[in-house]
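Here is the structure we will look at.
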Amino acid sequence: MAVPAPPRMIAAPALVGSGRIGAAVTLVPGLWTGASRISARWRRDGADIPGATGPSYLPGPEDDLAELGCLVTASGPGGAAEALVGPLRVTRAPPMAAGGLFEEILDQGSGDWTVAAAADFTGAALCFAVAGAGATIDPETGLVTLTTVTARAGEAVTVTARNSGGVAVSRFLVTVEAAEPESLVLAAGEAAPEALSRAIDWRLLRYRTRAEVETGVYYGDPEQFQQCVARSASHPDRIYLGQDVGPIRRSDDGGATWRVCVARGLRNAFFLGGAVDPVDPDIFMVQCHNSTSALAQRKAGLWRTTDGGVTFDWALPTGALGHPRVVGDTIAHAPGSVGAAGARRWYTAFSGKPLKDESAADSGFWMSDDGGVSWNRRAAALPVARFGGDIFRVAVSPADPETIWMGTSLGLFLSQTAGADWRPVPGLPDGACTHVEIDPGDAGRMFVSIDGQGGYYTEDGFARPAVTLFAWDKTHRAFPHPADWNICVRLPRRGNAFGVINQAEVSTDALARLAGGEPRWTRCEVPNKPGARRGWWDEITGEPSAVRWHPTDPASAFASSRGHLFRTKDRVNWVFSNEGASGFNYGLGSVSTEFMFDHFDPARIFMPHADMGILATTDRFETYASVAGYADLALRTNSTRTTSNVCALRPVPGSTEIVAAIGDYNASTLVYSPDAGASWRAVGPSVGPEATTIRCWSINYALSEPAYCYVNDHRSADGGASWTRMETLRVLGTTMMVLGVSRAAAGPGGPTIYAADHRGKAPYANLWKSTDRGESWSLVLTYRRGSLRGAPESGFDAPIFRVDPRDPHVVFVAAPTGAGGGVPGSVSRYDTRTGGWRHCDIWQALDRSDGNGVSRLAIDWHHAARAPEAPLILYAQLMHPGMRNILRSLDEGATWENMTYDSTNAVGQGFEVSPVTGELFSGGEAGTRMLAPPYATEGTVGAGPGARPNNIALTP
C-alpha cells in the first residue's frame, strides 16, 4: 500500500484586512493537496495569542504597533505542513481634523487663554503638539494655551494630532491686539464707568417662518444660485460652495451646517467652477468672473487657498469673463499626478460666454504642473460658435495626463494634446454634454449625460457609437456614483420658476441595458418646507444644479439646486441642508432704507430683499413672514422679479402704510399698501396716462411731517396714498431722484430735500436742494459725474449720500476728486450754505489699493437723537470684496476703525442703522448681518432666547 504524501501548498495563504484596530483581519488559507484539515494560530510579535485560532482576528488596543501573523497548519493522512503568513503591522485608524477652530482675537495683557483643540480631531490614543504664536499644548488633552504678553497680527497656530495610524493637522489664527484706551461712546450725561465697551461680533440674521421655528429649523434658505459645488475626495465631509455672487461657504459635516469663509485677499465675489485637491482638503481652487463690475473684471481668473478658505491667492489672472449660469466642473486634476502632497497637474477652462455688454470674454484652457500655483495657457480661446457658451465638465484620462474630455453646450470634445487643440466626439446625439465620468481603472470606459436626451456609455472611448443607458427628454444632467455607475441620479431640465416642475430620479440599476434589461427609476422625495406652499424652492432640480456623491458611501449624497441645498442618506429621501446658509440680500442698491424700521417699535421691521420681496417681522426677526400678496402683485404688474430694492413704513405710531418699489432693479413699479401689506396698488409715476417703470433706489418720508413722502420727482402729502409730480424738479433733469430728506425742519417750509439726476449729463451732474417741499430748488453743487459714488466704476450714478441728522443744511457724501483736497474714495462733510468741505480719510484704517472706494454710508440715527451734542457715529462700507471692508468712526469721521472682525469680506448691498436700536444692518448675498452699537441699547435683533454664537465666519 502506498504511503500517503504529506500536504503540499499550491497557493500561499494570505491575510486580508487593513490592520486597523477594530477592523477584522481574515485568513485566506491558501490551497493545499493532501490536506483534510486546516487550522490557524494567530501570533503577535511572533508569540501565539491565547485563544486566537479562528478564521479571522479582530485587533484590539493591545495590538497597537504589533506585527500580526498567523501560523497555518495543514493536516492530512500523510502528516502535516505549516506556513507562516504575515506579518501585518497593526495601527489605529488615523486621526482626522474637522478644521473648525476659529480665529482667536485677544486683548494684549488679558492673561492666558485656552483653546480646546482636541475637540477638532477624531481618533484614539492621540498625542498632540503645537507650533506658532508662542502657544503651548498639553500633549495628552490637546488643550492649547495662548499668552497675551506680545501683540500679534493674525499669526498661524498649527495643532498636530498623531497616533500609530498617522497624523492630522488643524490651524487657526491668533491676533493679540495692542493695548489701547477703550473706545467708548457716551450718551449725553452718561459717566464713563457705566458705558459699555464696543461690541465686535456680528450676528447672522435668521430667516425663519413660525412653522420653521416650531419644527426646530434654525436658519432659512440661501438666496443666490450655487455655481461652485466642490467636495473633498479624501475628507468627504468637507464641501465648498460658491454663489453666482456672494461668499465662499464651507461645511465640515457633509453639508449639515455651513459657515462663511473669511476669504482674505479674494478680491472677487462672482464664482464659477471649483475643485478640492484629492489629498489635502485645505487646498481649494475657484474660478471668478464678472460680466458687470469693472473692478471685479480686473480680478477675474482662478483663486487658490491652502488654509481652507481663510486666505486666497490670485493664481491665474485672466481678462474679463462672462457669466455662465451653470454649476461648472471646470477645474480638474490629472489622476496620474496625485502624490502624497496632492495633485501636481491641473487643468481649467473658461467659456467664451460674452460679457453683459456683449463684449468678448477672455476664454481659454490652462494647465498647471505645480499644484495650481502657476498656470500656462494651452488654448488661446474657446469660441462660442464652436463650443457654446457653457462648459459643464473637464475630465482627465487616468491613463494619459495629456488626454482630456470636455463637456460643453455644443457637445463632447476631446483633446490629446493637453488642451492645445480639440475635436468633437462623434457617435452621440445632439445636445449639451452636461456630465462626463471616467472609470479610474479603465480609461476607455465612460459615462456622459446629454441635455434633453439621456445617459450614454462607452467601453472604448467613443471609438464606436455610444450605448444608450436611458432616454429621457427631460434630462438636464445625470450623476452616477463614481464607484458604482448602477447608482445614478438624473436631474430634469429647469421648468417654470413659480410652478411645480419635474423632480429628480434615482436608479440602482442604471446600467441594466448592458445586460439586456431596463433601468428602474424612483422619484427623489423632499419634505415640504415648513410653513411654505409647495413650489420650486423645495425641488431637487433646476439650473444650475449638481449632485456630489460621498466617494465611499453609495447611499449618501449632497445636492444643490439654484440656491437650495439638500442631502440624503438613502438616495431617495432628501432633507434641506441650509443650516447656517441664510443668504437673503436686503436692500440691494438702495440709497435709503431707514424707513424699513418702525420708528416707534424696535421689534417691527419691513425689510426689502432682492428676489424675495418684502419680509416682515414683529419679533426682531425671531421669525418672519413674506408680506401678503407681494409676489402676486409682481406677476400682475408683469414684473420679471419679486425684488424690492427699497420700502418705507410711514413713521407714525402703529403705522400700517407702506410705500415700496417692486420689480427689476432698473424697472420698478411704485406701490402703496394701507394695511401693512395685506393689499397693494400701483401709485404715482406707475399709474395714469404717462405711467412708466422707474429706477427707484430711495423712498424718503419726512420725520418732521410724516404725511409727506418723496420718490424720484414725485411727492405725496397723504402718507403715500396719492402722488403729484414736482414739476420744478422734473425740468432740472429727466431722471431726478430725491436722495435724502433732513430729519429736522429747515423752517416753515418743512425739511430740506436733496435731489440729483442719477443719470447725470456727462461729464457733470448737479446736486439740488429745496426747503419748501419741492416747490423750488437751488443748486448746491456741480460735480463730475461719478465722483460722489465712492469710485468711478461702482455701477451706480447717484451719490453716496446722507443728510446730517442735526443740521438740515449739511450732507455727507463720497469725496469728490479735487474738491478742496478730497481723497478719492473717502467720505466728506459738505455745508451747503457756505460751500465748505471737511474730508474724512477712511484709508487710515486700511491699505489704499485697487481703486477701492465707499459703496455705502450710514449714520447712527439712534445715537444722534439720544446724544445730540456728541460727535456723530459714521459707518462706511467699501465696494470691493476681499479686504476688511466695514469701517466705523466714533468721532464724525476724524478717525476710523476696522469693524469687519469675524464678518465676511464678500460684497455688500444694504447698509443701514436702526433708528431705534443703533444696530448696523449690512445686507448682501452672504446674508444680512448685524453689529451691535458701541453703547447700551434696547433689545437687539436676533439676540433672543436660543440664539447661536455670533461667529458666522470660518477662521480655522
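For the C-alpha cells, the naming scheme is as follows: chains receive sequential letters (A, B, ...) according to their order of presentation, residues are indexed from 1 within each chain, and ligands are indexed from 1 in presentation order.
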
Using only C-alpha atoms, which protein or nucleic acid residues come within 12 Å of segment 323-325 of chain A? Drop anything in the same chain fewer than 3 positions from it, and give the result as a short mmCIF file (atom, residue, chain, number, x, y, z; two decimals) with N, CA and C atoms, in the first residue's frame.
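What ended up in part-v6.cif:
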```cif
data_model
loop_
_atom_site.label_atom_id
_atom_site.label_comp_id
_atom_site.auth_asym_id
_atom_site.auth_seq_id
_atom_site.Cartn_x
_atom_site.Cartn_y
_atom_site.Cartn_z
N GLN A 224 -28.94 83.10 -3.39
CA GLN A 224 -28.32 83.08 -4.70
C GLN A 224 -28.01 81.66 -5.19
N PHE A 225 -27.87 81.52 -6.52
CA PHE A 225 -27.53 80.24 -7.13
C PHE A 225 -26.14 79.79 -6.67
N GLN A 226 -26.03 78.50 -6.38
CA GLN A 226 -24.72 77.92 -6.10
C GLN A 226 -24.12 77.47 -7.43
N GLN A 227 -23.00 78.05 -7.82
CA GLN A 227 -22.37 77.69 -9.09
C GLN A 227 -21.08 76.91 -8.90
N CYS A 228 -20.52 76.96 -7.72
CA CYS A 228 -19.38 76.12 -7.37
C CYS A 228 -19.83 75.18 -6.26
N GLN A 243 -21.34 81.04 -4.59
CA GLN A 243 -22.55 81.53 -5.23
C GLN A 243 -22.21 82.27 -6.52
N ASP A 244 -23.25 82.53 -7.34
CA ASP A 244 -23.00 83.33 -8.53
C ASP A 244 -22.56 84.74 -8.15
N VAL A 245 -23.00 85.22 -7.00
CA VAL A 245 -22.44 86.43 -6.41
C VAL A 245 -22.63 86.31 -4.91
N PHE A 270 -17.76 86.71 -7.51
CA PHE A 270 -18.62 86.20 -8.57
C PHE A 270 -18.00 84.88 -9.04
N PHE A 271 -18.60 83.74 -8.66
CA PHE A 271 -17.91 82.46 -8.75
C PHE A 271 -18.47 81.55 -9.83
N LEU A 272 -17.56 80.74 -10.37
CA LEU A 272 -17.90 79.71 -11.35
C LEU A 272 -17.50 78.35 -10.76
N GLY A 273 -16.72 77.56 -11.50
CA GLY A 273 -16.38 76.23 -11.02
C GLY A 273 -15.32 76.22 -9.96
N GLN A 287 -12.93 79.44 -9.73
CA GLN A 287 -12.91 80.42 -10.81
C GLN A 287 -13.78 81.62 -10.44
N CYS A 288 -13.36 82.80 -10.84
CA CYS A 288 -14.14 84.03 -10.62
C CYS A 288 -14.32 84.76 -11.94
N HIS A 289 -15.55 85.21 -12.15
CA HIS A 289 -15.87 86.00 -13.33
C HIS A 289 -16.37 87.36 -12.85
N ASN A 290 -16.72 88.20 -13.74
CA ASN A 290 -17.69 89.27 -13.52
C ASN A 290 -17.96 89.93 -14.84
N SER A 291 -19.17 89.80 -15.30
CA SER A 291 -19.55 90.40 -16.57
C SER A 291 -20.12 91.79 -16.38
N THR A 292 -20.16 92.30 -15.13
CA THR A 292 -20.80 93.60 -14.89
C THR A 292 -19.89 94.61 -14.21
N SER A 293 -19.10 94.20 -13.23
CA SER A 293 -18.31 95.15 -12.45
C SER A 293 -16.91 95.29 -13.02
N GLN A 297 -13.76 92.68 -12.85
CA GLN A 297 -13.20 92.21 -14.10
C GLN A 297 -11.68 92.22 -14.03
N ALA A 300 -10.60 88.89 -12.32
CA ALA A 300 -11.17 87.63 -12.78
C ALA A 300 -10.06 86.59 -12.93
N ALA A 320 -11.42 89.92 -18.63
CA ALA A 320 -12.83 89.89 -18.21
C ALA A 320 -13.49 88.62 -18.71
N GLY A 328 -20.32 74.49 -12.94
CA GLY A 328 -19.28 74.01 -13.84
C GLY A 328 -18.19 73.26 -13.12
N THR A 330 -15.18 72.71 -13.90
CA THR A 330 -14.26 73.22 -14.91
C THR A 330 -12.83 73.35 -14.41
N PHE A 350 -12.22 78.23 -19.20
CA PHE A 350 -13.16 79.35 -19.08
C PHE A 350 -13.91 79.46 -20.41
N SER A 351 -15.24 79.53 -20.33
CA SER A 351 -16.05 79.55 -21.54
C SER A 351 -15.98 80.91 -22.23
N GLY A 352 -16.47 80.92 -23.46
CA GLY A 352 -16.47 82.15 -24.23
C GLY A 352 -17.73 82.96 -24.11
N LYS A 353 -18.59 82.64 -23.12
CA LYS A 353 -19.82 83.42 -22.97
C LYS A 353 -19.47 84.90 -22.83
N PRO A 354 -20.10 85.76 -23.64
CA PRO A 354 -19.72 87.18 -23.63
C PRO A 354 -20.14 87.88 -22.35
N LEU A 355 -19.59 89.08 -22.18
CA LEU A 355 -19.94 89.90 -21.03
C LEU A 355 -21.33 90.49 -21.21
N LYS A 356 -21.79 91.19 -20.18
CA LYS A 356 -23.15 91.73 -20.21
C LYS A 356 -23.35 92.68 -21.38
N ASP A 357 -22.29 93.40 -21.76
CA ASP A 357 -22.41 94.34 -22.88
C ASP A 357 -22.08 93.68 -24.22
N GLU A 358 -22.04 92.33 -24.23
CA GLU A 358 -21.77 91.53 -25.42
C GLU A 358 -20.33 91.62 -25.90
N ALA A 360 -16.35 90.53 -25.88
CA ALA A 360 -15.79 89.19 -25.83
C ALA A 360 -15.16 88.89 -24.48
N ALA A 361 -15.27 87.64 -24.07
CA ALA A 361 -14.66 87.18 -22.83
C ALA A 361 -13.28 86.61 -23.11
N ASP A 362 -12.46 86.57 -22.08
CA ASP A 362 -11.11 86.02 -22.20
C ASP A 362 -11.16 84.51 -21.97
N SER A 363 -11.80 83.81 -22.91
CA SER A 363 -11.95 82.36 -22.75
C SER A 363 -10.63 81.66 -23.05
N VAL A 384 -17.53 80.71 -28.68
CA VAL A 384 -18.91 80.26 -28.51
C VAL A 384 -19.41 79.54 -29.75
N GLY A 388 -20.00 76.64 -27.71
CA GLY A 388 -21.15 77.10 -26.96
C GLY A 388 -20.73 77.98 -25.80
N GLY A 389 -21.72 78.52 -25.09
CA GLY A 389 -21.44 79.46 -24.03
C GLY A 389 -21.20 78.84 -22.67
N ASP A 390 -21.45 77.54 -22.50
CA ASP A 390 -21.30 76.89 -21.20
C ASP A 390 -20.33 75.73 -21.31
N ILE A 391 -19.48 75.59 -20.30
CA ILE A 391 -18.64 74.40 -20.14
C ILE A 391 -19.07 73.74 -18.84
N PHE A 392 -19.51 72.49 -18.93
CA PHE A 392 -20.04 71.79 -17.78
C PHE A 392 -18.99 70.95 -17.06
N THR A 408 -19.52 70.46 -23.18
CA THR A 408 -19.88 71.85 -23.45
C THR A 408 -21.32 71.94 -23.95
N SER A 409 -21.75 73.18 -24.17
CA SER A 409 -23.10 73.41 -24.70
C SER A 409 -23.31 72.78 -26.06
N GLY A 542 -33.50 71.90 -11.51
CA GLY A 542 -33.26 73.26 -11.96
C GLY A 542 -31.83 73.48 -12.39
N GLU A 543 -31.58 74.65 -12.89
CA GLU A 543 -30.27 75.01 -13.40
C GLU A 543 -29.82 76.31 -12.75
N PRO A 544 -28.67 76.41 -12.15
CA PRO A 544 -27.68 75.34 -12.08
C PRO A 544 -28.04 74.28 -11.03
N SER A 545 -27.53 73.08 -11.20
CA SER A 545 -27.80 72.00 -10.24
C SER A 545 -26.69 70.97 -10.33
N ARG A 562 -30.35 75.64 -7.69
CA ARG A 562 -30.43 77.08 -7.55
C ARG A 562 -29.76 77.48 -6.23
#
```

Exercise. Can you list, as number ranges by chain, every residue of segment 1-182 of chain A that DSSP puts in strand (DSSP E or B)?
Worked result: A: 8-11, 14-16, 20, 25-28, 31-33, 37-44, 47-48, 56-57, 67-76, 79-89, 91, 96-97, 104-107, 113-116, 121-122, 127-131, 136-137, 143-146, 152-163, 166-177

Problem set entry | DSSP alpha helix (DSSP H) selection over segment 655-789 of chain A, as a VMD selection string | chain A and resid 727 to 730

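Separating atom CA of Ala443 of chain A from atom CA of Val396 of chain A is a distance of 9.2 Å.
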
Exercise. Of the candidates A:Asp860, A:Asp421, A:Asp112, A:Asp45, which one gets nearest to Gly86 of chain A if we count only C-alpha atoms?
Worked result: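 When distances to Gly86 of chain A are compared using only C-alpha atoms, the smallest one comes from A:Asp45.
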
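Restricting the calculation to only C-alpha atoms, the smallest distance between Trp258 of chain A and any of A:Ser577, A:Thr617, A:Thr508, A:Thr693 is found for A:Ser577.
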
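Each of A:Ser36, A:Ser686, A:Ser776, A:Ser232 was compared to Pro6 of chain A using only C-alpha atoms, and A:Ser36 turns out to be the nearest.
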
Seminar exercise, completed: In terms of only C-alpha atoms, the residue from A:Gly17, A:Gly339, A:Gly34, A:Gly654 at minimal distance from Asp370 of chain A is A:Gly339

For this session: Go through A:Pro808, A:Gly22, A:Pro77, A:Pro29 one by one, measure the shortest atom-to-atom distance of each to Leu58 of chain A using only C-alpha atoms, and give the residue with the smallest value.
Result: A:Gly22

Find the spatial neighbours of Ala676 of chain A, counting only C-alpha atoms, within a cut-off of 8 Å - ignore same-chain residues fewer than 4 positions away - and output them as a PDB file with N, CA and C atoms, in the first residue's frame.
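Contents of the output file around.pdb:
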```
ATOM      1  N   VAL A 627     -44.532  89.422   3.131  1.00  0.00           N
ATOM      2  CA  VAL A 627     -45.676  90.331   3.120  1.00  0.00           C
ATOM      3  C   VAL A 627     -46.711  89.816   2.131  1.00  0.00           C
ATOM      4  N   SER A 655     -48.153 102.442  12.633  1.00  0.00           N
ATOM      5  CA  SER A 655     -48.331 102.659  11.203  1.00  0.00           C
ATOM      6  C   SER A 655     -48.661 101.364  10.461  1.00  0.00           C
ATOM      7  N   THR A 656     -49.524 101.491   9.458  1.00  0.00           N
ATOM      8  CA  THR A 656     -49.832 100.365   8.565  1.00  0.00           C
ATOM      9  C   THR A 656     -49.600 100.728   7.104  1.00  0.00           C
ATOM     10  N   GLU A 657     -49.113 101.933   6.833  1.00  0.00           N
ATOM     11  CA  GLU A 657     -48.939 102.381   5.455  1.00  0.00           C
ATOM     12  C   GLU A 657     -47.509 102.113   4.984  1.00  0.00           C
ATOM     13  N   ILE A 658     -47.384 101.478   3.816  1.00  0.00           N
ATOM     14  CA  ILE A 658     -46.084 101.127   3.254  1.00  0.00           C
ATOM     15  C   ILE A 658     -46.036 101.604   1.811  1.00  0.00           C
TER      16      ILE A 658
END
```

Exercise. Can you list, as a PyMOL selection string, every protein, DNA or RNA residue that comes within 10 Å of Pro426 of chain A when you count only C-alpha atoms, leaving out same-chain residues fewer than 4 positions away?
Worked result: chain A and resi 411-413+430+462-466

For this session: Quick one: everything within 10 Å of Gly419 of chain A, counting only C-alpha atoms, minus sequence neighbours fewer than 3 positions away in the same chain. Send it as a count of residues only.
Result: 20

Problem set entry | Given only C-alpha atoms as the counted atoms, nearest of A:Asp757, A:Asp804, A:Asp64, A:Glu525 to Ser164 of chain A | A:Asp64

Problem set entry | Interatomic distance (Å, one decimal) between atom CA of Gly587 of chain A and atom CA of Ala660 of chain A |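 Calculated distance between atom CA of Gly587 of chain A and atom CA of Ala660 of chain A is 11.6 Å.
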
Exercise. Atom CA of Ala559 of chain A and atom CA of Ala483 of chain A are how many Å apart?
Worked result: 17.7 Å

Problem set entry | Within 6 Å of Leu491 of chain A using only C-alpha atoms, minus same-chain residues under 6 positions, as a ChimeraX atom specification | /A:476-478,504,541

Problem set entry | Residues within 12 Å of Ala124 of chain A, only C-alpha atoms, excluding chain neighbours under 2 positions, as number ranges by chain | A: 20-22, 60-61, 64, 91-96, 118, 121-122, 126-128, 140-141, 161-167
